[in-house]
Amino acid sequence: MKNRSHSLSGVHLKNAIEATDLRKSYGTVNALDGIDLSVEEGKILGVLGPNGAGKTTLVKILTTLTRPDSGRCIVAGYDVVAQARQVREKIGLTGQATAVQEELTGAENLEIMARLYHMPKRTAKSRALELLDRFDLLDAKDRAAKTYSGGMKRRLDLAASLVGSPSVLFLDEPTTGLDPRARIGMWKVIENLVGGGTTLLLTTQYLDEADELADEIIVFDKGKIIAKGTSDELKRSVGGDVLNVQVAEEEDLAEVSRVLETLASTSANVSNEELIVRIGVGSRGSSALAEALRELDRLEISVADISIRRPSLDDVFLQLTGHSTAEGPGTSSSKRTKLKRGEANES
Amino acid sequence: MRASPISEAVNDAIVIAKRDLLVWLRVPAFIFFSIIQPVMFVLLFRYVFGGAINVPNPGGYVDFLMPGIIAQSAAFASFGTAIGLAKEIQLGVVDRFRSMPMARSAVINGRLLADTLRIAITTVVILLVGFLVGFRFHDSIVQAIAMVALAIVFGVVITIVSAYCGIALKNEESVQSFGLVWLFPLTFVSSAFVPVQSMPGWMQAFANNQPVTIVVDAMRNLALGAPSGHDLLLSTAWLIGIAAVFAPLAVRSFSKIS
Ligand SMILES: Nc1ncnc2c1ncn2[C@@H]1O[C@H](COP(=O)(O)OP(=O)(O)O)[C@@H](O)[C@H]1O
Ligand SMILES: [Mg+2]
């Protein structure tokens with residue numbers, strides 16, 4: 001209840017989203033099982049979790065589409081249940097599916113949205129043009145949306161959620177289903193959005209996406225928050241960088257592990273099948289990599305592959321739940337990884 | 001700044017209706033289903049089946065057929081409603097509308113408004129084609145207008161039932177197949193295309209007592225200049241009854257989406 005004072009105080013940083021002990025179940029499924037979260041104005045919160053974790057349910061409650069069974073949420077200073085109408089004046093939603101009218105043109109889609117925000121005709125037209133321009137769709141404005149590429153449709157969809165100039169924006173898996181190029185394009189668009197002081201809650205199954213976009217991340221699993229923090233904080237909780245050296249000849253393994261151990265002053269982990277030596281190097285990944293290269297070169301040991309692996313959010317998830325899997329062993333931090341729930345926990 | 005809830009509901013419904021009509025105009029298949037197909041039906045029944053169907057009324061089969069085919073087309077137009085609503089729910093368009101500061105009722109009301117107009121257009125087109133192939137009203141303009149009005153009201157009531165199906169099923173394919181399951185028997189096992197007396201006895205029992213026959217009979221009596229008071233009363237009762245059951249059902253399942 002004391003949260004109410006936030007909308008009055010101008011001194012502290014205000015929270016644009018505040019949820020307290022949010023619960024929602026469908027039959028026996030606890031889609032949300034006691035969620036507490038807050039997002040400061042102008043920040044991006046990434047909600048990261050595998051399919052079925054409860055991300056969409058959270059978004060639906062915060063955007064007044066679904067009522068929580070219990071708990072309380074304040075969005076933009078208003079209660080989502082008791083003051084739903086006021087909340088709707090302040091928010092924008094881009095849901096998991098692309099909600100554009102395919103038969104209509106980009107311009108028509110946005111004009112209709114503007115008319116539904118009760119703008120006069122002329123204002124609606126200029127608002128549509130302004131957004132089309134901003135989302136790089138001006139050239140395609142008079143084409144039916146069904147002729148748009150996946151990325152263009154998604155941008156139009158995003159533009160539609162901005163017609164009402166929301167102060168809090170919700171994006172539910174904004175890049176799911178997009179090809180890598182369109183995905184990066186979408187990231188840029190999203191990054192630019194927040195410049196204007198918009199608060200953003202974004203859900204994703206992609207670790208690199210949360211890493212890239214979010215100021216703060218909460219990790220969701222089975223309706224519960226299992227971790228929260230900045231991407232760096234989460235990574236730090238699983239330990240530092242790991243240096244991997246793959247040799248060409250098995251007989252070099254011992255020598256390489258001796259070199260690396262001197263370098264890092266910890267013990268190395270040797271895999272005879274893969275011909276790989278792994279060693280933890282704390283937070284000094286790049287310099288350790290350079291030193292190792294120099295030393296191995298001096299000893300004329302032929303190296304098949306050398307890489308530094310920064311802990312990914314994937315590792316965080318694995319560590320926290322013990323049941324999620326990445327797409328395979330040895331994923332580098334740049335590889336695109338998607339959370340999946342382990343087979344054994346499916347039931 | 002904020003308009004009254006009623007003027008907002010009206011404004012928003014009109015915006016949605018305009019949008020639905022615009023979509024309708026853009027999709028050739030929709031035009032086909034609401035204009036070309038009914039016209040083909042008129043020609044098919046008038047010239048292919050008509051010769052084999054004996055009817056008791058003056059003016060012959062074409063005058064028997066037209067009220068029936070108008071009612072059938074109005075009922076079939078409701079497919080578009082159900083499919084459109086289901087698709088919009090699936091696509092999250094409805095979710096977006098529901099997250100906006102607009103009248104939630106507009107999504108349904110706007111569509112009904114657009115559909116009323118569509119049904120009216122279809123009805124006029126069918127009537128024009130009917131005139132070309134020999135159809136005539138046997139009574140005054142008042143009865144003619146009453147018949148058209150009854151057809152449109154009937155179409156809208158069926159559209160409410162379809163809207164409920166679309167909202168409840170939320171899936172384009174199921175809506176399509178389920179629509180066939182109830183719309184086909186209701187429209188074809190009725191007096192729309194053939195006299196009920198030509199059907200087997202057990203089927204007559206159903207055909208004589210179902211709303212499509214009752215409405216079509218009322219329309220036909222209006223067109224042929226026969227006494228229509230009783231049928232009109234019965235039709236009105238049926239249509240009000242159906243709307244009274246399905247409109248709240250549709251609204252309720254709409255408010256329970258997601
Ligand atoms: N309308 C619903 N009816 C029944 N179960 C639902 C409904 N919506 C979500 N669920 C269930 O709640 C859980 C969380 O779903 P959701 O919030 O959609 O997860 P996510 O968006 O993270 O994939 C899932 O187990 C899902 O099956
Ligand atoms: Mg989801």
# chains A, B, ... in the order shown; residues from 1 in each chain; ligands from 1
call {"tool": "interface_residues", "arguments": {"of": "chain B", "to": "chain A", "cutoff": "12 Å", "atoms": "only C-alpha atoms", "output": "ChimeraX atom specification"}}
result
/B:1-3,5,7-30,84,87-104,106-107,110,254-258
call {"tool": "select_by_dssp", "arguments": {"residues": "region 159-337 of chain A", "states": "strand (DSSP E)", "output": "NGL selection string"}}
result
:A and (168-172 or 199-204 or 216-221 or 224-229 or 242-247 or 269-271 or 276-280 or 303-309 or 324-325)
call {"tool": "residues_near_ligand", "arguments": {"ligand": "ligand 1", "cutoff": "12 Å", "atoms": "only C-alpha atoms and all ligand atoms", "output": "MDAnalysis selection string"}}
result
(chainID A and resid 23:33 47:61 65:67 95:97 171:174 176 202:206 219:225 339:341 346:347) or (chainID B and resid 170 256:258)
call {"tool": "residues_around", "arguments": {"residues": "Ala207 (chain B)", "least_positions_apart": "4", "cutoff": "7 Å", "atoms": "only C-alpha atoms", "output": "list of chain:residue names"}}
result
B:Val189, B:Ser190, B:Val196, B:Met203, B:Thr213
call {"tool": "write_last_selection", "arguments": {"atoms": "all heavy atoms", "output": "compact mmCIF listing (two decimals), in the first residue's frame"}}
result
# COMPACT_ATOMS: atom_id res chain seq x y z
N VAL B 189 -31.96 -28.04 -44.56
CA VAL B 189 -33.14 -28.78 -44.11
C VAL B 189 -34.16 -27.76 -43.60
O VAL B 189 -34.48 -27.68 -42.42
CB VAL B 189 -32.78 -29.81 -43.01
CG1 VAL B 189 -33.99 -30.67 -42.68
CG2 VAL B 189 -31.63 -30.68 -43.48
N SER B 190 -34.62 -26.95 -44.52
CA SER B 190 -35.60 -25.91 -44.20
C SER B 190 -36.41 -25.67 -45.46
O SER B 190 -36.20 -26.33 -46.49
CB SER B 190 -34.88 -24.62 -43.83
OG SER B 190 -34.41 -23.98 -45.00
N VAL B 196 -41.18 -28.05 -47.72
CA VAL B 196 -40.92 -29.03 -46.67
C VAL B 196 -41.70 -30.33 -46.92
O VAL B 196 -41.23 -31.42 -46.61
CB VAL B 196 -41.26 -28.43 -45.28
CG1 VAL B 196 -41.20 -29.48 -44.20
CG2 VAL B 196 -40.30 -27.28 -44.98
N MET B 203 -37.99 -35.87 -41.24
CA MET B 203 -37.24 -34.67 -41.52
C MET B 203 -38.16 -33.44 -41.49
O MET B 203 -37.77 -32.37 -41.04
CB MET B 203 -36.58 -34.80 -42.88
CG MET B 203 -35.34 -33.93 -43.04
SD MET B 203 -34.61 -34.20 -44.65
CE MET B 203 -33.05 -34.91 -44.20
N THR B 213 -36.77 -22.14 -41.33
CA THR B 213 -38.04 -22.32 -42.04
C THR B 213 -39.03 -21.24 -41.66
O THR B 213 -39.71 -20.64 -42.50
CB THR B 213 -38.64 -23.71 -41.71
OG1 THR B 213 -37.73 -24.71 -42.15
CG2 THR B 213 -39.98 -23.89 -42.39
call {"tool": "residues_around", "arguments": {"residues": "Pro195 (chain B)", "least_positions_apart": "6", "cutoff": "12 Å", "atoms": "only C-alpha atoms", "output": "mmCIF file with N, CA, C and O atoms, in the first residue's frame"}}
result
data_model
loop_
_atom_site.group_PDB
_atom_site.id
_atom_site.type_symbol
_atom_site.label_atom_id
_atom_site.label_comp_id
_atom_site.auth_asym_id
_atom_site.auth_seq_id
_atom_site.Cartn_x
_atom_site.Cartn_y
_atom_site.Cartn_z
ATOM 1 N N GLY B 50 -34.153 -25.960 -60.375
ATOM 2 C CA GLY B 50 -35.509 -25.394 -60.312
ATOM 3 C C GLY B 50 -36.530 -26.166 -61.133
ATOM 4 O O GLY B 50 -37.656 -26.387 -60.682
ATOM 5 N N ILE B 53 -38.153 -29.002 -59.292
ATOM 6 C CA ILE B 53 -38.791 -28.767 -57.998
ATOM 7 C C ILE B 53 -40.182 -28.174 -58.212
ATOM 8 O O ILE B 53 -40.339 -27.128 -58.844
ATOM 9 N N ASN B 54 -41.187 -28.889 -57.688
ATOM 10 C CA ASN B 54 -42.556 -28.407 -57.834
ATOM 11 C C ASN B 54 -42.957 -27.550 -56.644
ATOM 12 O O ASN B 54 -42.770 -27.940 -55.493
ATOM 13 N N VAL B 55 -43.469 -26.391 -56.935
ATOM 14 C CA VAL B 55 -43.904 -25.517 -55.842
ATOM 15 C C VAL B 55 -45.348 -25.106 -56.061
ATOM 16 O O VAL B 55 -45.814 -25.025 -57.208
ATOM 17 N N PRO B 56 -46.058 -24.869 -54.951
ATOM 18 C CA PRO B 56 -47.486 -24.577 -55.063
ATOM 19 C C PRO B 56 -47.791 -23.101 -55.378
ATOM 20 O O PRO B 56 -48.904 -22.773 -55.757
ATOM 21 N N ASN B 57 -46.816 -22.235 -55.210
ATOM 22 C CA ASN B 57 -47.149 -20.801 -55.220
ATOM 23 C C ASN B 57 -47.268 -20.222 -56.618
ATOM 24 O O ASN B 57 -46.694 -20.760 -57.568
ATOM 25 N N TYR B 61 -41.107 -21.380 -59.377
ATOM 26 C CA TYR B 61 -39.974 -21.634 -58.489
ATOM 27 C C TYR B 61 -39.140 -20.396 -58.199
ATOM 28 O O TYR B 61 -38.666 -20.199 -57.079
ATOM 29 N N PHE B 64 -40.485 -18.630 -55.404
ATOM 30 C CA PHE B 64 -40.329 -19.436 -54.189
ATOM 31 C C PHE B 64 -38.894 -19.309 -53.666
ATOM 32 O O PHE B 64 -38.648 -19.146 -52.476
ATOM 33 N N LEU B 65 -37.971 -19.372 -54.603
ATOM 34 C CA LEU B 65 -36.542 -19.465 -54.273
ATOM 35 C C LEU B 65 -35.956 -18.201 -53.648
ATOM 36 O O LEU B 65 -35.200 -18.286 -52.666
ATOM 37 N N GLY B 68 -35.738 -17.629 -49.926
ATOM 38 C CA GLY B 68 -34.916 -18.671 -49.317
ATOM 39 C C GLY B 68 -33.434 -18.412 -49.520
ATOM 40 O O GLY B 68 -32.622 -18.508 -48.587
ATOM 41 N N PHE B 188 -30.296 -25.856 -45.144
ATOM 42 C CA PHE B 188 -30.758 -26.725 -46.225
ATOM 43 C C PHE B 188 -31.925 -27.614 -45.818
ATOM 44 O O PHE B 188 -32.782 -27.912 -46.642
ATOM 45 N N VAL B 189 -31.964 -28.041 -44.559
ATOM 46 C CA VAL B 189 -33.140 -28.784 -44.109
ATOM 47 C C VAL B 189 -34.159 -27.760 -43.602
ATOM 48 O O VAL B 189 -34.481 -27.680 -42.423
ATOM 49 N N MET B 203 -37.995 -35.872 -41.236
ATOM 50 C CA MET B 203 -37.243 -34.669 -41.522
ATOM 51 C C MET B 203 -38.158 -33.442 -41.489
ATOM 52 O O MET B 203 -37.767 -32.366 -41.036
ATOM 53 N N GLN B 204 -39.399 -33.654 -41.930
ATOM 54 C CA GLN B 204 -40.366 -32.569 -41.881
ATOM 55 C C GLN B 204 -40.555 -32.060 -40.452
ATOM 56 O O GLN B 204 -40.704 -30.864 -40.220
ATOM 57 N N ALA B 207 -37.704 -29.801 -39.947
ATOM 58 C CA ALA B 207 -37.727 -28.654 -40.862
ATOM 59 C C ALA B 207 -38.849 -27.675 -40.522
ATOM 60 O O ALA B 207 -38.656 -26.463 -40.577
ATOM 61 N N ASN B 208 -39.996 -28.215 -40.156
ATOM 62 C CA ASN B 208 -41.134 -27.332 -39.895
ATOM 63 C C ASN B 208 -40.994 -26.504 -38.627
ATOM 64 O O ASN B 208 -41.669 -25.491 -38.469
ATOM 65 N N THR B 213 -36.771 -22.145 -41.326
ATOM 66 C CA THR B 213 -38.038 -22.324 -42.040
ATOM 67 C C THR B 213 -39.033 -21.235 -41.656
ATOM 68 O O THR B 213 -39.709 -20.644 -42.500
ATOM 69 N N VAL B 216 -37.942 -17.957 -43.203
ATOM 70 C CA VAL B 216 -38.080 -17.991 -44.667
ATOM 71 C C VAL B 216 -39.562 -17.963 -45.055
ATOM 72 O O VAL B 216 -39.954 -17.257 -45.994
ATOM 73 N N ASP B 217 -40.391 -18.688 -44.312
ATOM 74 C CA ASP B 217 -41.833 -18.670 -44.613
ATOM 75 C C ASP B 217 -42.392 -17.256 -44.476
ATOM 76 O O ASP B 217 -43.187 -16.803 -45.306
ATOM 77 N N ARG B 220 -41.213 -15.275 -47.384
ATOM 78 C CA ARG B 220 -41.874 -15.694 -48.614
ATOM 79 C C ARG B 220 -43.307 -15.175 -48.673
ATOM 80 O O ARG B 220 -43.761 -14.691 -49.708
#
call {"tool": "residues_around", "arguments": {"residues": "region 121-128 of chain B", "least_positions_apart": "2", "cutoff": "8 Å", "atoms": "only C-alpha atoms", "output": "compact mmCIF listing (two decimals) with N, CA and C atoms, in the first residue's frame"}}
result
# COMPACT_ATOMS: atom_id res chain seq x y z
N SER B 34 -19.31 -13.38 -50.55
CA SER B 34 -20.51 -12.61 -50.25
C SER B 34 -21.24 -12.08 -51.49
N ILE B 35 -20.62 -12.12 -52.64
CA ILE B 35 -21.32 -11.63 -53.84
C ILE B 35 -21.44 -12.72 -54.92
N PRO B 38 -23.38 -16.26 -53.83
CA PRO B 38 -24.85 -16.18 -53.81
C PRO B 38 -25.45 -16.06 -55.20
N VAL B 39 -24.79 -15.30 -56.07
CA VAL B 39 -25.31 -15.14 -57.42
C VAL B 39 -25.28 -16.48 -58.16
N VAL B 42 -28.14 -18.53 -57.02
CA VAL B 42 -29.39 -18.12 -57.64
C VAL B 42 -29.51 -18.78 -59.01
N MET B 66 -36.29 -17.05 -54.20
CA MET B 66 -35.56 -15.83 -53.81
C MET B 66 -35.53 -15.56 -52.30
N ILE B 70 -31.98 -15.62 -50.18
CA ILE B 70 -31.54 -14.41 -49.46
C ILE B 70 -31.24 -14.76 -47.99
N SER B 73 -28.04 -16.89 -47.78
CA SER B 73 -26.82 -16.09 -47.97
C SER B 73 -26.53 -15.25 -46.74
N ALA B 74 -27.58 -14.70 -46.15
CA ALA B 74 -27.39 -13.89 -44.94
C ALA B 74 -26.79 -14.75 -43.83
N LEU B 117 -24.00 -4.29 -42.75
CA LEU B 117 -23.85 -3.61 -44.03
C LEU B 117 -23.55 -4.61 -45.15
N ARG B 118 -22.64 -5.55 -44.84
CA ARG B 118 -22.29 -6.56 -45.83
C ARG B 118 -23.50 -7.38 -46.23
N ILE B 119 -24.29 -7.78 -45.23
CA ILE B 119 -25.48 -8.59 -45.51
C ILE B 119 -26.46 -7.80 -46.35
N GLY B 130 -32.01 -11.60 -59.03
CA GLY B 130 -33.32 -12.24 -59.02
C GLY B 130 -34.27 -11.59 -60.00
N PHE B 131 -34.29 -10.27 -59.99
CA PHE B 131 -35.16 -9.56 -60.94
C PHE B 131 -34.81 -9.90 -62.37
N LEU B 132 -33.50 -10.00 -62.62
CA LEU B 132 -33.05 -10.32 -63.98
C LEU B 132 -33.52 -11.70 -64.42
N VAL B 148 -36.93 -7.59 -46.91
CA VAL B 148 -35.50 -7.32 -46.89
C VAL B 148 -35.03 -7.05 -45.44
N ALA B 151 -34.78 -10.24 -43.55
CA ALA B 151 -33.59 -10.99 -43.96
C ALA B 151 -32.35 -10.45 -43.25
N ILE B 152 -32.24 -9.13 -43.19
CA ILE B 152 -31.05 -8.54 -42.57
C ILE B 152 -31.01 -8.81 -41.07
call {"tool": "residues_around", "arguments": {"residues": "Arg181 (chain A)", "least_positions_apart": "5", "cutoff": "10 Å", "atoms": "only C-alpha atoms", "output": "PyMOL selection string"}}
result
chain A and resi 151+186-187
call {"tool": "write_last_selection", "arguments": {"atoms": "N, CA and C atoms", "output": "compact mmCIF listing (two decimals), in the first residue's frame"}}
result
# COMPACT_ATOMS: atom_id res chain seq x y z
N GLY A 151 10.63 -9.21 -40.38
CA GLY A 151 11.18 -8.11 -39.60
C GLY A 151 10.36 -6.84 -39.74
N MET A 186 16.00 -5.48 -34.98
CA MET A 186 14.99 -5.25 -33.95
C MET A 186 15.65 -4.77 -32.66
N TRP A 187 16.78 -5.34 -32.31
CA TRP A 187 17.49 -4.90 -31.10
C TRP A 187 17.80 -3.41 -31.18
call {"tool": "select_by_dssp", "arguments": {"residues": "region 29-244 of chain A", "states": "helix (DSSP H, G or I)", "output": "JSON, numbers by chain"}}
result
{"A": [55, 56, 57, 58, 59, 60, 61, 62, 84, 85, 86, 87, 88, 89, 90, 106, 107, 108, 109, 110, 111, 112, 113, 114, 115, 116, 121, 122, 123, 124, 125, 126, 127, 128, 129, 130, 131, 132, 133, 134, 138, 139, 140, 145, 146, 147, 150, 151, 152, 153, 154, 155, 156, 157, 158, 159, 160, 161, 162, 180, 181, 182, 183, 184, 185, 186, 187, 188, 189, 190, 191, 192, 193, 194, 195, 207, 208, 209, 210, 211, 212, 213, 231, 232, 233, 234, 235, 236]}
call {"tool": "atom_distance", "arguments": {"atom1": "CA of Gly59 (chain B)", "atom2": "CA of Leu232 (chain B)"}}
result
21.8 Å
call {"tool": "residues_around", "arguments": {"residues": "region 246-253 of chain A", "least_positions_apart": "2", "cutoff": "9 Å", "atoms": "only C-alpha atoms", "output": "PyMOL selection string"}}
result
chain A and resi 244+255-258+270-278+301-307
